[in-house]
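A quick write-up on the structure given underneath.
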Amino acid sequence: DYFNDHTKYVEALGKAMQREYEAIYKAGLMLQVDCPDLAMGRHTKFKDGSLADFQAAAAVHVRVMNEALANVPGDCTRMHVCWGNYPGPHHHDVPLADIIEIVLKSKPKYLSIEACNPGHAHEWEVFENVSWPAGKVIMPGVLDTTTSHIEHPRLVAQRLMNYVRLVGVEHVMACTDCGFSTAAGAMNVPTEIVYAKLQSMVKGARIAEEMAAKEASNKRQRVA
């Protein structure tokens with residue numbers, strides 16, 4: 001109500017957050033910028049507008065974020081994009097294909113996205129038609145943070161390989177879909193199960209590393 005203009009509000013917020021971002025970086029920490037506004041924002045704040053209106057707002061958000069990160073190196077920053085870490089139907093989630101070009105204009109080197117829950121597990125296909133930026137690393141979620149079901153390491157590996165085959169092994173890092181305790185006091189998954197899921201992720205990443213090396217070797221042999 002004070003600004004009466006969304007862009008002016010976001011720009012003022014960016015200027016305020018710039019000092020916070022720089023303080024975190026100067027303290028020697030990796031900065032993570034959470035950006036549910038670039039995905040979940042479509043079915044929340046911008047649910048009554050058009051897709052084009054939402055995309056325009058998302059582009060403003062990315063521009064302002066990049067300005068706020070002007071003095072923070074991209075390789076010291078990761079960015080998390082999600083559609084909301086809650087066990088709902090998610091049938092109004094905006095498709096990744098509709099936002100990926102905007103998201104990839106962000107400065108952070110590391111991009112964490114939901115990639116294994118039932119609503120977004122298929123979206124690795126989006127990267128078949130995306131020109132992957134040099135130096136960028138995608139961190140696809142390979143663990144669902146809303147369920148206690150423990151993913152098998154081979155499933156984790158398969159999920160990672162979907163991305164490895166499209167953007168290259170050097171551009172992929174395993175991650176969770178979101179946080180296991182997004183809000184204070186929230187605990188959708190018991191702690192011991194969280195660690196069991198994380199152990200599965202580590203094992204799956206090692207399997208994927210072996211799979212990637214084997215596929216690369218086979219490819220070299222065919223070329224030779």
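Note on naming: chains are A, B, ... as they come in the structure tokens, residues start from 1 per chain, ligands start from 1 in the order shown.
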DSSP-assigned strand (DSSP E) among range 3-196 of chain A, expressed as a list in words: Leu31, Gln32, Val33, Asp34, Thr77, Arg78, Met79, His80, Val81, Tyr110, Leu111, Ser112, Ile113, Val137, Ile138, Met139, Pro140, Gly141, Val142, Leu143, Cys175 and Thr176 of chain A
Quick one: write out the picked residues with N, CA, C and O atoms as a PDB file, in the first residue's frame?
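Below is the file that was written, selection_3.pdb:
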ATOM      1  N   LEU A  31      25.846 -17.931  -0.079  1.00  0.00           N
ATOM      2  CA  LEU A  31      24.547 -17.278  -0.014  1.00  0.00           C
ATOM      3  C   LEU A  31      23.528 -18.052  -0.838  1.00  0.00           C
ATOM      4  O   LEU A  31      23.764 -18.361  -2.003  1.00  0.00           O
ATOM      5  N   GLN A  32      22.393 -18.398  -0.230  1.00  0.00           N
ATOM      6  CA  GLN A  32      21.295 -18.998  -0.997  1.00  0.00           C
ATOM      7  C   GLN A  32      20.139 -18.012  -1.034  1.00  0.00           C
ATOM      8  O   GLN A  32      19.678 -17.527   0.004  1.00  0.00           O
ATOM      9  N   VAL A  33      19.673 -17.725  -2.229  1.00  0.00           N
ATOM     10  CA  VAL A  33      18.538 -16.834  -2.419  1.00  0.00           C
ATOM     11  C   VAL A  33      17.333 -17.702  -2.765  1.00  0.00           C
ATOM     12  O   VAL A  33      17.327 -18.394  -3.780  1.00  0.00           O
ATOM     13  N   ASP A  34      16.324 -17.691  -1.906  1.00  0.00           N
ATOM     14  CA  ASP A  34      15.123 -18.475  -2.162  1.00  0.00           C
ATOM     15  C   ASP A  34      14.151 -17.660  -3.007  1.00  0.00           C
ATOM     16  O   ASP A  34      13.802 -16.528  -2.648  1.00  0.00           O
ATOM     17  N   THR A  77      27.045 -18.019  -4.833  1.00  0.00           N
ATOM     18  CA  THR A  77      25.604 -17.876  -4.656  1.00  0.00           C
ATOM     19  C   THR A  77      24.843 -19.012  -5.314  1.00  0.00           C
ATOM     20  O   THR A  77      25.167 -19.430  -6.412  1.00  0.00           O
ATOM     21  N   ARG A  78      23.847 -19.500  -4.612  1.00  0.00           N
ATOM     22  CA  ARG A  78      22.923 -20.446  -5.231  1.00  0.00           C
ATOM     23  C   ARG A  78      21.503 -19.899  -5.093  1.00  0.00           C
ATOM     24  O   ARG A  78      21.212 -19.106  -4.201  1.00  0.00           O
ATOM     25  N   MET A  79      20.650 -20.361  -5.973  1.00  0.00           N
ATOM     26  CA  MET A  79      19.282 -19.857  -6.051  1.00  0.00           C
ATOM     27  C   MET A  79      18.317 -21.035  -6.044  1.00  0.00           C
ATOM     28  O   MET A  79      18.520 -22.024  -6.755  1.00  0.00           O
ATOM     29  N   HIS A  80      17.289 -20.942  -5.231  1.00  0.00           N
ATOM     30  CA  HIS A  80      16.302 -22.019  -5.145  1.00  0.00           C
ATOM     31  C   HIS A  80      14.959 -21.547  -5.689  1.00  0.00           C
ATOM     32  O   HIS A  80      14.417 -20.539  -5.248  1.00  0.00           O
ATOM     33  N   VAL A  81      14.464 -22.286  -6.669  1.00  0.00           N
ATOM     34  CA  VAL A  81      13.165 -21.978  -7.271  1.00  0.00           C
ATOM     35  C   VAL A  81      12.219 -23.119  -6.959  1.00  0.00           C
ATOM     36  O   VAL A  81      12.538 -24.290  -7.222  1.00  0.00           O
ATOM     37  N   TYR A 110      24.621 -21.518  -9.114  1.00  0.00           N
ATOM     38  CA  TYR A 110      23.935 -22.760  -8.777  1.00  0.00           C
ATOM     39  C   TYR A 110      22.422 -22.558  -8.748  1.00  0.00           C
ATOM     40  O   TYR A 110      21.917 -21.669  -8.050  1.00  0.00           O
ATOM     41  N   LEU A 111      21.712 -23.383  -9.490  1.00  0.00           N
ATOM     42  CA  LEU A 111      20.257 -23.290  -9.578  1.00  0.00           C
ATOM     43  C   LEU A 111      19.614 -24.557  -9.028  1.00  0.00           C
ATOM     44  O   LEU A 111      19.744 -25.635  -9.603  1.00  0.00           O
ATOM     45  N   SER A 112      18.925 -24.424  -7.918  1.00  0.00           N
ATOM     46  CA  SER A 112      18.219 -25.537  -7.283  1.00  0.00           C
ATOM     47  C   SER A 112      16.747 -25.478  -7.678  1.00  0.00           C
ATOM     48  O   SER A 112      16.097 -24.433  -7.517  1.00  0.00           O
ATOM     49  N   ILE A 113      16.230 -26.599  -8.197  1.00  0.00           N
ATOM     50  CA  ILE A 113      14.820 -26.636  -8.594  1.00  0.00           C
ATOM     51  C   ILE A 113      14.162 -27.936  -8.127  1.00  0.00           C
ATOM     52  O   ILE A 113      14.828 -28.949  -7.966  1.00  0.00           O
ATOM     53  N   VAL A 137      25.375 -24.326 -12.930  1.00  0.00           N
ATOM     54  CA  VAL A 137      25.208 -25.672 -12.391  1.00  0.00           C
ATOM     55  C   VAL A 137      23.763 -25.854 -11.943  1.00  0.00           C
ATOM     56  O   VAL A 137      23.233 -25.030 -11.189  1.00  0.00           O
ATOM     57  N   ILE A 138      23.126 -26.912 -12.428  1.00  0.00           N
ATOM     58  CA  ILE A 138      21.763 -27.190 -11.999  1.00  0.00           C
ATOM     59  C   ILE A 138      21.786 -28.184 -10.855  1.00  0.00           C
ATOM     60  O   ILE A 138      22.563 -29.146 -10.854  1.00  0.00           O
ATOM     61  N   MET A 139      20.934 -27.945  -9.870  1.00  0.00           N
ATOM     62  CA  MET A 139      20.835 -28.803  -8.692  1.00  0.00           C
ATOM     63  C   MET A 139      19.411 -29.371  -8.638  1.00  0.00           C
ATOM     64  O   MET A 139      18.556 -28.875  -7.914  1.00  0.00           O
ATOM     65  N   PRO A 140      19.141 -30.393  -9.434  1.00  0.00           N
ATOM     66  CA  PRO A 140      17.788 -30.949  -9.458  1.00  0.00           C
ATOM     67  C   PRO A 140      17.443 -31.669  -8.166  1.00  0.00           C
ATOM     68  O   PRO A 140      18.269 -32.386  -7.606  1.00  0.00           O
ATOM     69  N   GLY A 141      16.229 -31.458  -7.698  1.00  0.00           N
ATOM     70  CA  GLY A 141      15.794 -32.183  -6.515  1.00  0.00           C
ATOM     71  C   GLY A 141      15.628 -33.654  -6.825  1.00  0.00           C
ATOM     72  O   GLY A 141      14.923 -34.017  -7.770  1.00  0.00           O
ATOM     73  N   VAL A 142      16.287 -34.507  -6.058  1.00  0.00           N
ATOM     74  CA  VAL A 142      16.170 -35.952  -6.259  1.00  0.00           C
ATOM     75  C   VAL A 142      15.538 -36.625  -5.043  1.00  0.00           C
ATOM     76  O   VAL A 142      15.352 -37.846  -5.032  1.00  0.00           O
ATOM     77  N   LEU A 143      15.205 -35.813  -4.031  1.00  0.00           N
ATOM     78  CA  LEU A 143      14.505 -36.297  -2.838  1.00  0.00           C
ATOM     79  C   LEU A 143      13.248 -35.465  -2.645  1.00  0.00           C
ATOM     80  O   LEU A 143      13.305 -34.238  -2.651  1.00  0.00           O
ATOM     81  N   CYS A 175      20.504 -32.540  -5.234  1.00  0.00           N
ATOM     82  CA  CYS A 175      19.913 -31.677  -4.218  1.00  0.00           C
ATOM     83  C   CYS A 175      18.565 -32.262  -3.787  1.00  0.00           C
ATOM     84  O   CYS A 175      18.094 -33.249  -4.358  1.00  0.00           O
ATOM     85  N   THR A 176      17.963 -31.683  -2.795  1.00  0.00           N
ATOM     86  CA  THR A 176      16.610 -32.043  -2.386  1.00  0.00           C
ATOM     87  C   THR A 176      15.627 -31.123  -3.099  1.00  0.00           C
ATOM     88  O   THR A 176      16.008 -30.060  -3.592  1.00  0.00           O
TER      89      THR A 176
END
Write out as a ChimeraX atom specification each polymer residue whose atoms come within 12 Å of Ala216 in chain A, counting only C-alpha atoms; drop sequence neighbours fewer than 5 positions from it. /A:164-165,168-169,209-211,221-223
Expected file contents, prior selection, C-alpha atoms, as a short mmCIF file (atom, residue, chain, number, x, y, z; two decimals), in the first residue's frame:
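Written output follows (result24.cif):
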data_model
loop_
_atom_site.label_atom_id
_atom_site.label_comp_id
_atom_site.auth_asym_id
_atom_site.auth_seq_id
_atom_site.Cartn_x
_atom_site.Cartn_y
_atom_site.Cartn_z
CA VAL A 164 23.72 -35.24 -16.94
CA ARG A 165 22.89 -36.47 -20.44
CA GLY A 168 26.88 -32.44 -18.91
CA VAL A 169 28.08 -34.09 -15.72
CA GLU A 209 29.07 -40.60 -11.25
CA GLU A 210 29.98 -44.16 -12.23
CA MET A 211 27.23 -44.28 -14.84
CA GLN A 221 35.27 -45.91 -27.89
CA ARG A 222 32.55 -45.54 -30.50
CA VAL A 223 34.16 -42.39 -31.86
#
Give me, as a VMD selection string, all polymer residues having an atom no more than 12 Å from Ala16 in chain A, counting only C-alpha atoms and skipping those fewer than 3 positions away in the same chain. chain A and resid 9 to 13 19 to 23 64 to 65 67 to 69
Would you put the residues from that selection into a file with C-alpha atoms, as a compact mmCIF listing (two decimals), in the first residue's frame?
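Saved as result-v6.txt:
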# COMPACT_ATOMS: atom_id res chain seq x y z
CA TYR A 9 8.26 -2.13 -3.96
CA VAL A 10 10.51 -4.89 -5.31
CA GLU A 11 13.24 -2.40 -6.23
CA ALA A 12 13.17 -0.93 -2.70
CA LEU A 13 13.30 -4.44 -1.27
CA ARG A 19 23.37 -5.09 2.37
CA GLU A 20 22.22 -8.42 3.82
CA TYR A 21 23.54 -10.38 0.84
CA GLU A 22 26.91 -8.65 0.94
CA ALA A 23 27.23 -9.19 4.70
CA VAL A 64 16.33 -6.59 -9.15
CA MET A 65 17.93 -9.67 -7.59
CA GLU A 67 21.31 -5.76 -9.06
CA ALA A 68 21.24 -6.68 -5.36
CA LEU A 69 23.92 -9.31 -6.04
Residues near range 182-198 of chain A, anyone? I mean within 8 Å using only C-alpha atoms, not counting same-chain ones fewer than 4 positions away, as a ChimeraX atom specification. /A:85,143,145-148,150-151,178,202
Please give the complete set of residues from range 13-207 of chain A that DSSP, run on the backbone, assigns to helix (DSSP H, G or I), formatted as number ranges by chain. A: 13-26, 36-38, 40-43, 51-68, 74-76, 96-98, 100-103, 121-129, 153-167, 169-171, 191-207
Residues within 12 Å of His43 in chain A, please, as a ChimeraX atom specification. Count only C-alpha atoms; anything in the same chain fewer than 2 positions from it doesn't count. /A:36-41,45-51,54,82-84,90-95
Those same residues, written as a PDB file, in the first residue's frame with C-alpha atoms?
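selection_29.pdb, written as the output of this step:
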ATOM      1  CA  PRO A  36       9.416 -19.138  -4.754  1.00  0.00           C
ATOM      2  CA  ASP A  37       8.124 -15.912  -6.302  1.00  0.00           C
ATOM      3  CA  LEU A  38       9.431 -17.123  -9.673  1.00  0.00           C
ATOM      4  CA  ALA A  39       7.275 -20.266  -9.575  1.00  0.00           C
ATOM      5  CA  MET A  40       4.839 -20.444  -6.649  1.00  0.00           C
ATOM      6  CA  GLY A  41       4.090 -16.776  -7.217  1.00  0.00           C
ATOM      7  CA  LYS A  45       0.051 -13.526  -5.774  1.00  0.00           C
ATOM      8  CA  PHE A  46      -0.409 -13.569  -9.562  1.00  0.00           C
ATOM      9  CA  LYS A  47      -3.129 -16.225  -9.772  1.00  0.00           C
ATOM     10  CA  ASP A  48      -5.722 -13.824 -11.203  1.00  0.00           C
ATOM     11  CA  GLY A  49      -3.468 -12.337 -13.900  1.00  0.00           C
ATOM     12  CA  SER A  50      -2.304 -13.668 -17.235  1.00  0.00           C
ATOM     13  CA  LEU A  51       0.800 -15.779 -17.741  1.00  0.00           C
ATOM     14  CA  PHE A  54       3.394 -13.062 -14.299  1.00  0.00           C
ATOM     15  CA  CYS A  82      10.112 -23.887  -6.062  1.00  0.00           C
ATOM     16  CA  TRP A  83       6.371 -24.180  -6.335  1.00  0.00           C
ATOM     17  CA  GLY A  84       5.726 -24.437  -2.598  1.00  0.00           C
ATOM     18  CA  HIS A  90      -0.125 -28.604  -7.132  1.00  0.00           C
ATOM     19  CA  HIS A  91      -2.368 -28.751 -10.197  1.00  0.00           C
ATOM     20  CA  HIS A  92      -2.045 -24.994 -10.720  1.00  0.00           C
ATOM     21  CA  ASP A  93       1.774 -24.902 -10.749  1.00  0.00           C
ATOM     22  CA  VAL A  94       3.211 -22.916 -13.642  1.00  0.00           C
ATOM     23  CA  PRO A  95       5.196 -25.211 -15.979  1.00  0.00           C
TER      24      PRO A  95
END
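As for CA of Lys214 in chain A and CA of Asn162 in chain A, they are spaced 15.0 Å apart.
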Which value, in Å to one decimal, gives the distance between CA of Val103 in chain A and CA of Ala58 in chain A? 8.3 Å
